[in-house]
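start_0.cif follows; it contains mmCIF, C-alpha atoms and all ligand atoms.
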data_query
loop_
_atom_site.label_atom_id
_atom_site.label_comp_id
_atom_site.auth_asym_id
_atom_site.auth_seq_id
_atom_site.Cartn_x
_atom_site.Cartn_y
_atom_site.Cartn_z
CA MET A 1 109.44 107.02 112.55
CA THR A 2 112.88 106.31 111.07
CA VAL A 3 113.57 104.79 107.69
CA THR A 4 115.83 101.76 108.00
CA ASP A 5 117.08 98.89 105.90
CA PRO A 6 115.38 95.75 107.27
CA ALA A 7 118.07 93.11 107.70
CA SER A 8 115.53 90.34 107.31
CA ILE A 9 114.57 91.36 103.79
CA SER A 10 117.00 90.10 101.17
CA THR A 11 117.49 93.03 98.86
CA SER A 12 120.20 94.39 96.65
CA THR A 13 119.23 98.04 96.34
CA ALA A 14 122.41 98.81 94.41
CA ALA A 15 121.10 97.14 91.25
CA LYS A 16 117.34 97.46 91.62
CA PRO A 17 115.06 100.47 92.23
CA ALA A 18 114.08 100.94 95.86
CA MET A 19 110.89 102.14 97.55
CA GLN A 20 109.50 102.89 100.98
CA ALA A 21 107.18 100.36 102.58
CA ILE A 22 105.72 99.41 105.92
CA VAL A 23 107.30 96.10 106.90
CA GLN A 24 107.14 93.66 109.79
CA ASP A 25 109.79 91.10 110.71
CA ALA A 26 107.65 89.41 113.36
CA TYR A 27 104.02 89.02 114.37
CA GLY A 28 102.72 91.29 117.12
CA SER A 29 101.03 94.60 117.93
CA ALA A 30 101.39 97.72 115.76
CA ASP A 31 104.82 98.17 117.39
CA VAL A 32 106.26 95.53 115.01
CA LEU A 33 105.59 97.81 112.02
CA ARG A 34 108.26 100.12 110.66
CA LEU A 35 108.93 102.17 107.60
CA ALA A 36 111.78 100.68 105.59
CA ARG A 37 113.55 101.09 102.28
CA ILE A 38 113.28 97.87 100.29
CA THR A 39 113.57 96.69 96.71
CA ARG A 40 110.69 97.57 94.42
CA PRO A 41 108.79 94.39 93.40
CA GLU A 42 109.07 93.05 89.86
CA VAL A 43 106.16 91.86 87.77
CA ALA A 44 105.61 88.24 86.75
CA GLU A 45 104.15 87.72 83.27
CA ASN A 46 100.52 87.91 84.52
CA GLU A 47 101.09 90.84 86.89
CA VAL A 48 100.90 94.62 86.87
CA LEU A 49 103.28 97.00 88.70
CA ILE A 50 101.30 99.80 90.37
CA ARG A 51 102.47 103.09 91.81
CA VAL A 52 100.28 103.17 94.91
CA ASN A 53 98.21 106.33 95.40
CA ALA A 54 96.19 104.90 98.27
CA ALA A 55 95.73 101.64 100.15
CA GLY A 56 92.90 100.37 102.31
CA LEU A 57 93.30 99.05 105.84
CA ASP A 58 91.08 96.08 106.61
CA ARG A 59 90.73 93.60 109.47
CA GLY A 60 92.60 91.03 107.42
CA SER A 61 95.72 93.23 107.52
CA TRP A 62 95.38 93.38 111.30
CA HIS A 63 95.20 89.56 111.38
CA MET A 64 98.31 89.37 109.17
CA MET A 65 100.13 91.78 111.51
CA THR A 66 99.27 89.88 114.70
CA GLY A 67 99.39 86.39 113.19
CA GLN A 68 96.09 85.68 114.94
CA PRO A 69 94.16 83.51 114.94
CA TYR A 70 97.20 81.20 115.00
CA LEU A 71 95.52 78.93 112.44
CA LEU A 72 96.18 81.70 109.90
CA ARG A 73 99.94 81.14 110.23
CA LEU A 74 99.62 77.87 108.30
CA VAL A 75 99.12 80.14 105.29
CA SER A 76 100.89 83.39 106.24
CA GLY A 77 104.07 81.84 107.73
CA ILE A 78 104.55 79.88 110.94
CA ARG A 79 107.28 81.89 112.73
CA ARG A 80 107.13 85.17 110.83
CA PRO A 81 105.14 86.56 107.88
CA LYS A 82 106.23 85.16 104.52
CA ASN A 83 105.49 88.54 102.96
CA PRO A 84 106.89 91.27 105.25
CA VAL A 85 104.96 94.04 103.46
CA LEU A 86 101.41 94.48 104.76
CA GLY A 87 98.35 95.63 102.82
CA LEU A 88 95.98 94.10 100.27
CA ASP A 89 93.60 96.85 99.09
CA VAL A 90 95.18 99.16 96.53
CA ALA A 91 94.33 101.99 94.14
CA GLY A 92 96.98 103.52 91.95
CA THR A 93 98.51 104.01 88.54
CA VAL A 94 99.97 101.29 86.33
CA VAL A 95 103.71 101.67 85.78
CA ALA A 96 104.56 98.43 83.98
CA VAL A 97 102.84 95.23 82.92
CA GLY A 98 103.97 91.61 82.51
CA SER A 99 104.30 90.07 79.07
CA ALA A 100 100.96 88.20 79.28
CA VAL A 101 98.88 91.16 80.50
CA THR A 102 96.29 92.37 77.97
CA LYS A 103 93.76 94.47 79.94
CA PHE A 104 96.05 97.16 81.35
CA SER A 105 98.83 99.42 80.19
CA ALA A 106 101.09 102.07 81.72
CA GLY A 107 99.16 105.12 82.92
CA ASP A 108 95.88 103.28 83.63
CA GLU A 109 94.21 104.11 86.96
CA VAL A 110 93.32 100.85 88.69
CA PHE A 111 92.12 99.33 91.96
CA GLY A 112 92.19 95.82 93.34
CA PHE A 113 94.18 93.35 95.41
CA GLY A 114 97.93 94.04 95.71
CA LYS A 115 100.66 91.88 97.20
CA GLY A 116 101.70 94.33 99.93
CA SER A 117 100.06 97.70 99.30
CA PHE A 118 101.44 99.69 102.28
CA ALA A 119 104.27 100.72 100.00
CA GLU A 120 105.08 103.14 97.20
CA TYR A 121 104.77 100.32 94.64
CA THR A 122 103.02 96.97 94.62
CA VAL A 123 102.25 94.23 92.14
CA ALA A 124 98.84 92.72 91.49
CA ARG A 125 97.65 89.86 89.29
CA GLU A 126 95.76 91.04 86.23
CA ASP A 127 92.74 88.94 87.24
CA ARG A 128 92.61 90.72 90.64
CA LEU A 129 92.49 94.25 89.23
CA ALA A 130 90.01 96.56 87.48
CA HIS A 131 89.95 100.11 86.15
CA LYS A 132 89.18 102.60 88.92
CA PRO A 133 85.61 103.96 88.96
CA LEU A 134 85.61 107.28 87.12
CA ASN A 135 83.62 109.17 89.74
CA THR A 136 85.69 108.35 92.78
CA THR A 137 89.05 109.27 94.28
CA PHE A 138 92.01 106.92 94.72
CA GLU A 139 91.39 107.08 98.46
CA ARG A 140 87.79 105.94 98.17
CA ALA A 141 88.57 103.32 95.51
CA ALA A 142 91.34 101.90 97.70
CA VAL A 143 88.95 100.91 100.50
CA VAL A 144 86.64 98.97 98.18
CA PRO A 145 88.21 95.65 97.09
CA VAL A 146 88.39 93.53 100.28
CA SER A 147 85.34 94.89 102.10
CA ALA A 148 82.91 95.54 99.26
CA GLY A 149 84.08 92.34 97.53
CA THR A 150 83.29 90.38 100.70
CA ALA A 151 79.93 92.10 101.12
CA LEU A 152 78.98 91.40 97.49
CA GLN A 153 79.99 87.75 97.66
CA THR A 154 78.10 87.12 100.91
CA LEU A 155 74.95 88.65 99.42
CA ASP A 156 75.40 86.45 96.34
CA LEU A 157 75.93 83.38 98.51
CA GLY A 158 72.76 84.23 100.43
CA ASN A 159 70.83 84.62 97.13
CA VAL A 160 69.52 88.01 98.19
CA GLU A 161 66.29 89.08 96.47
CA PRO A 162 64.26 92.30 96.37
CA GLY A 163 61.90 92.62 99.31
CA GLN A 164 63.78 90.17 101.51
CA LYS A 165 64.52 91.09 105.11
CA VAL A 166 68.30 91.13 105.61
CA LEU A 167 70.06 91.44 108.98
CA ILE A 168 73.67 92.66 108.88
CA ILE A 169 75.62 92.02 112.10
CA GLY A 170 78.62 94.38 112.13
CA ALA A 171 76.94 96.99 109.94
CA SER A 172 79.26 99.86 110.92
CA GLY A 173 82.50 98.09 109.98
CA GLY A 174 84.44 97.97 106.73
CA VAL A 175 82.45 95.05 105.31
CA GLY A 176 79.15 95.99 106.95
CA THR A 177 79.03 99.55 105.60
CA CYS A 178 79.35 98.10 102.10
CA ALA A 179 76.87 95.31 102.77
CA VAL A 180 74.19 97.77 103.94
CA GLN A 181 74.51 99.81 100.74
CA LEU A 182 74.67 96.76 98.46
CA ALA A 183 71.69 95.04 100.11
CA LYS A 184 69.68 98.25 99.67
CA ALA A 185 70.82 98.51 96.05
CA PHE A 186 69.50 94.95 95.53
CA GLY A 187 66.10 95.94 96.94
CA ALA A 188 66.28 94.32 100.39
CA GLU A 189 64.82 95.67 103.63
CA VAL A 190 67.93 96.09 105.75
CA THR A 191 68.47 95.97 109.51
CA GLY A 192 71.97 96.85 110.71
CA VAL A 193 73.50 95.81 114.04
CA CYS A 194 76.22 98.02 115.57
CA SER A 195 77.10 99.98 118.71
CA THR A 196 75.37 103.15 119.97
CA THR A 197 77.74 105.77 118.55
CA LYS A 198 77.57 104.33 115.03
CA LEU A 199 73.79 103.96 114.66
CA ASP A 200 73.67 107.29 112.80
CA LEU A 201 76.31 106.11 110.31
CA VAL A 202 74.42 102.90 109.53
CA ARG A 203 71.15 104.79 109.11
CA SER A 204 72.85 107.30 106.81
CA LEU A 205 73.99 104.44 104.57
CA GLY A 206 70.38 103.50 103.97
CA ALA A 207 69.54 100.90 106.64
CA ASP A 208 65.78 100.76 107.24
CA HIS A 209 66.23 99.68 110.87
CA VAL A 210 69.13 99.61 113.31
CA ILE A 211 69.79 97.54 116.44
CA ASP A 212 72.23 98.68 119.12
CA TYR A 213 73.93 95.47 120.24
CA THR A 214 75.00 97.07 123.53
CA ARG A 215 71.32 97.38 124.51
CA ASP A 216 69.28 94.90 122.49
CA ASP A 217 69.62 91.32 121.27
CA PHE A 218 68.82 90.91 117.56
CA SER A 219 67.40 87.47 118.26
CA ASP A 220 64.86 88.72 120.79
CA GLY A 221 61.50 90.08 119.72
CA PRO A 222 59.19 89.25 116.84
CA HIS A 223 61.44 90.03 113.84
CA ARG A 224 62.62 87.23 111.56
CA TYR A 225 65.07 87.62 108.68
CA ASP A 226 65.36 85.83 105.33
CA LEU A 227 69.11 86.39 105.28
CA ILE A 228 71.60 87.11 108.05
CA LEU A 229 75.12 88.27 107.20
CA ASP A 230 77.15 87.50 110.32
CA PHE A 231 80.29 89.65 110.30
CA ALA A 232 80.71 90.31 114.02
CA GLY A 233 80.14 89.32 117.61
CA ASN A 234 80.32 85.52 117.05
CA PRO A 235 76.66 84.97 118.08
CA ALA A 236 75.69 81.45 119.09
CA ILE A 237 74.14 79.37 116.30
CA SER A 238 70.94 79.14 118.36
CA ARG A 239 70.62 82.95 118.25
CA LEU A 240 71.17 83.04 114.49
CA ARG A 241 68.54 80.34 114.01
CA ARG A 242 66.06 82.09 116.29
CA ALA A 243 66.33 85.26 114.20
CA LEU A 244 65.94 83.45 110.85
CA THR A 245 62.70 82.65 109.06
CA PRO A 246 62.00 78.87 108.94
CA THR A 247 63.83 78.59 105.60
CA GLY A 248 66.20 81.54 105.97
CA THR A 249 69.96 81.60 105.36
CA ALA A 250 72.78 82.67 107.67
CA VAL A 251 76.17 83.37 106.10
CA ILE A 252 78.88 83.16 108.78
CA ALA A 253 81.70 85.35 107.53
CA GLY A 254 83.57 86.96 110.43
CA GLY A 255 83.80 87.98 114.06
CA GLU A 256 86.64 88.82 116.41
CA GLU A 257 85.42 87.06 119.53
CA GLY A 258 86.32 83.51 118.47
CA GLY A 259 89.60 83.21 120.40
CA SER A 260 93.24 83.49 119.34
CA TRP A 261 93.70 79.90 118.13
CA THR A 262 90.93 79.22 115.60
CA GLY A 263 89.05 82.53 115.52
CA GLY A 264 85.73 80.76 116.13
CA MET A 265 86.14 78.03 113.52
CA ASP A 266 84.45 75.57 115.90
CA ARG A 267 81.22 77.59 115.74
CA THR A 268 81.37 77.59 111.96
CA LEU A 269 81.99 73.84 111.80
CA ARG A 270 79.05 73.20 114.14
CA ALA A 271 76.83 75.32 111.89
CA LEU A 272 77.96 73.43 108.78
CA ALA A 273 77.37 70.08 110.48
CA LEU A 274 73.88 71.11 111.55
CA SER A 275 72.75 72.70 108.30
CA PRO A 276 71.83 69.51 106.34
CA PHE A 277 69.46 68.47 109.15
CA VAL A 278 67.41 71.67 109.44
CA ARG A 279 65.28 73.66 107.01
CA GLN A 280 67.34 76.79 107.56
CA ARG A 281 70.62 77.11 105.65
CA LEU A 282 73.75 77.79 107.71
CA THR A 283 76.82 78.37 105.62
CA ASN A 284 80.33 79.73 105.96
CA PHE A 285 82.22 82.03 103.67
CA ILE A 286 85.77 82.70 102.50
CA ALA A 287 86.25 85.69 100.20
CA LYS A 288 87.72 85.37 96.73
CA GLN A 289 89.81 88.05 95.02
CA ARG A 290 88.20 88.54 91.60
CA ALA A 291 88.30 91.21 88.92
CA SER A 292 84.70 90.36 88.00
CA ASP A 293 83.50 91.58 91.43
CA LEU A 294 85.56 94.76 91.11
CA GLU A 295 83.91 95.43 87.74
CA ARG A 296 80.41 94.92 89.22
CA LEU A 297 81.33 97.25 92.08
CA THR A 298 82.62 99.84 89.61
CA ASP A 299 79.21 99.84 87.90
CA LEU A 300 77.43 100.28 91.26
CA ILE A 301 79.78 103.08 92.37
CA GLU A 302 79.50 104.89 89.04
CA ALA A 303 75.69 104.56 89.24
CA GLY A 304 75.80 106.23 92.68
CA LYS A 305 74.35 103.16 94.42
CA VAL A 306 77.42 102.55 96.57
CA THR A 307 79.71 105.19 98.09
CA PRO A 308 82.87 103.85 99.71
CA SER A 309 82.81 104.97 103.34
CA VAL A 310 86.18 106.38 104.47
CA ASP A 311 86.46 107.11 108.19
CA ARG A 312 89.83 108.84 107.93
CA SER A 313 93.15 108.72 106.08
CA TYR A 314 96.69 108.29 107.36
CA PRO A 315 99.96 108.80 105.47
CA LEU A 316 102.15 105.72 104.94
CA GLU A 317 104.45 106.37 107.89
CA ARG A 318 101.44 106.49 110.24
CA VAL A 319 100.13 102.98 109.44
CA PRO A 320 100.87 101.86 113.05
CA GLU A 321 98.55 104.62 114.32
CA ALA A 322 95.90 103.58 111.79
CA MET A 323 96.19 99.98 113.03
CA ARG A 324 95.67 101.12 116.63
CA HIS A 325 92.58 103.11 115.57
CA LEU A 326 91.15 100.00 113.85
CA ALA A 327 92.02 97.67 116.75
CA ALA A 328 90.34 100.03 119.24
CA GLY A 329 87.07 99.62 117.32
CA GLU A 330 86.96 103.36 116.64
CA ALA A 331 86.79 103.27 112.84
CA ARG A 332 83.50 104.14 111.16
CA GLY A 333 83.66 102.24 107.91
CA LYS A 334 87.12 101.97 106.38
CA ILE A 335 90.52 103.57 106.94
CA ALA A 336 92.60 104.69 103.96
CA ILE A 337 96.38 104.95 103.74
CA THR A 338 97.64 107.65 101.39
CA ILE A 339 101.01 107.42 99.71
N1 LIG B 1 85.38 85.29 105.61
C1 LIG B 1 86.09 86.16 104.90
O1 LIG B 1 86.62 85.83 103.83
C2 LIG B 1 86.22 87.57 105.41
C3 LIG B 1 86.55 88.63 104.56
C4 LIG B 1 86.64 89.92 105.08
C5 LIG B 1 86.42 90.12 106.45
N2 LIG B 1 86.15 89.06 107.25
C6 LIG B 1 85.90 89.25 108.69
O2 LIG B 1 84.67 89.95 108.84
C7 LIG B 1 84.69 90.66 110.06
C8 LIG B 1 84.28 92.10 109.80
O3 LIG B 1 85.31 92.74 109.06
P1 LIG B 1 85.37 94.32 109.00
O4 LIG B 1 86.51 94.66 108.11
O5 LIG B 1 84.04 94.86 108.71
O6 LIG B 1 85.76 94.65 110.53
P2 LIG B 1 85.64 96.04 111.26
O7 LIG B 1 85.74 97.15 110.30
O8 LIG B 1 86.58 95.98 112.40
O9 LIG B 1 84.12 96.08 111.82
C9 LIG B 1 83.74 95.29 112.90
C10 LIG B 1 82.25 95.44 113.12
O10 LIG B 1 81.85 94.55 114.14
C11 LIG B 1 80.92 95.21 114.99
N3 LIG B 1 80.88 94.54 116.29
C12 LIG B 1 81.87 94.42 117.19
N4 LIG B 1 81.46 93.70 118.24
C13 LIG B 1 80.17 93.35 117.98
C14 LIG B 1 79.18 92.60 118.69
N5 LIG B 1 79.44 92.05 119.87
N6 LIG B 1 77.99 92.42 118.11
C15 LIG B 1 77.71 92.96 116.90
N7 LIG B 1 78.59 93.68 116.19
C16 LIG B 1 79.80 93.88 116.74
C17 LIG B 1 81.46 96.61 115.02
O11 LIG B 1 80.47 97.50 115.48
P3 LIG B 1 80.85 98.77 116.37
O12 LIG B 1 82.13 99.32 115.79
O13 LIG B 1 79.69 99.65 116.20
O14 LIG B 1 81.10 98.26 117.75
C18 LIG B 1 81.79 96.81 113.54
O15 LIG B 1 80.61 97.10 112.82
C19 LIG B 1 86.10 90.52 110.63
O16 LIG B 1 86.11 89.53 111.62
C20 LIG B 1 86.92 90.09 109.43
O17 LIG B 1 88.06 89.35 109.80
C21 LIG B 1 86.03 87.80 106.76
#
Encoded form using structure tokens:
Amino acid sequence: MTVTDPASISTSTAAKPAMQAIVQDAYGSADVLRLARITRPEVAENEVLIRVNAAGLDRGSWHMMTGQPYLLRLVSGIRRPKNPVLGLDVAGTVVAVGSAVTKFSAGDEVFGFGKGSFAEYTVAREDRLAHKPLNTTFERAAVVPVSAGTALQTLDLGNVEPGQKVLIIGASGGVGTCAVQLAKAFGAEVTGVCSTTKLDLVRSLGADHVIDYTRDDFSDGPHRYDLILDFAGNPAISRLRRALTPTGTAVIAGGEEGGSWTGGMDRTLRALALSPFVRQRLTNFIAKQRASDLERLTDLIEAGKVTPSVDRSYPLERVPEAMRHLAAGEARGKIAITI
């Protein structure tokens, strides 16, 4: 891959320090990504400049690359991405801090949510960053924020309690591998749904039971769940309800089979409309980027209750290959990008 100056990015590299980053000038497949030399970002007063040691690749970055579902473009940019640098998950070392930052200083090792982390440097808001867990590598810390944050928040939203039966649909993915470990750490009895070749992974993370969605339907049979975390497959609401206890909760949080326009928003809206009229609770979820979650996750990682699951790592210039690996559904847990 060649290093070029992207014409679409307004930079004046003569005056400001430059860096390498993966950029995109248009939405599309991994072919739109290229390594470029661009201006290093500057910190606002509440931000931290981080030298990136590792970044995490999550489904959200794939959505930002493709601009799908199209509804997303209302936020990310209608014709092309507003921010041409991909990547949200980051772990690295603080280089500089804004004038209002109090929690971090140069040299600190941190992880959190960056504004374009597939780059040598990124900036992050102070309230979206935490000190890196002491017992883990940059690579492992980098895959935590988006996926483990999402898993934690969905379990909170579902009011998970010890002894409850929890079904995790999409248990072998980035979010699911974290959700399995967190639900176990909170004392739940966990059933994970994934494909045949990843059953061993989900078991190894602590799931008490596994269901192979290529062979069995989680809503068939006698089992009922207090909480369903729905991260994949876009199952019909009737199937979710059939698998829930009479007063159980389903948190609808993801799924890639919802179509390229709304990503399955219609299913979510139907669930929300139905929920007030039934005893079961059907709710949707949108993740928040919060330092407080990162700090809770740090405690769990340092206590050995959660181990970030890294499938494999790619160097910065091979992000397009990493994207293809993710899009093919081959990843087991998360993919890290090392810088
Ligand atoms: N609402 C939010 O704020 C929020 C935040 C983060 C993520 N998300 C969404 O949550 C979803 C999961 O994210 P992720 O990062 O974990 O994705 P991922 O790493 O790509 O994992 C996808 C998972 O879905 C499973 N899967 C695929 N087809 C399935 C089917 N028909 N039935 C059951 N499981 C199936 C996969 O299992 P196999 O690989 O074994 O086939 C895998 O476990 C994505 O749609 C993402 O956009 C939403």
Exercise for review: Could you pull out the residues sitting within 7 Å of ligand LIG 1 (chain B), using only C-alpha atoms and all ligand atoms, and write them as number ranges by chain?
Suggested key: A: 58-60, 146-147, 150, 169-176, 193-198, 213, 231-233, 253-256, 285-287, 326, 329-334
Check your understanding: What gap, in Å, lies between CA of Ala328 (chain A) and CA of Tyr27 (chain A)?
Key -> 18.2 Å
Practice item. Could you tell me how far CA of Gly187 (chain A) lies from CA of Gly112 (chain A), in Å and to one decimal? Key: 26.3 Å
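CA of Val94 (chain A) to CA of Ala106 (chain A) spans 4.8 Å [interatomic distance, one decimal].
Summary of the local environment: counting all atoms listed in the file, residues at most 9 Å from Glu47 (chain A), other than itself and those fewer than 5 positions away along its chain, are Glu42, Ala96, Val97, Gly98, Ser99, Ala100, Val101, Val123, Ala124, Arg125, Glu126 and Asp127 of chain A.
Taking only C-alpha atoms into account, Phe118 (chain A) lies nearest to A:Asp89 out of the set A:Glu139, A:Glu302, A:Asp89, A:Asp156.
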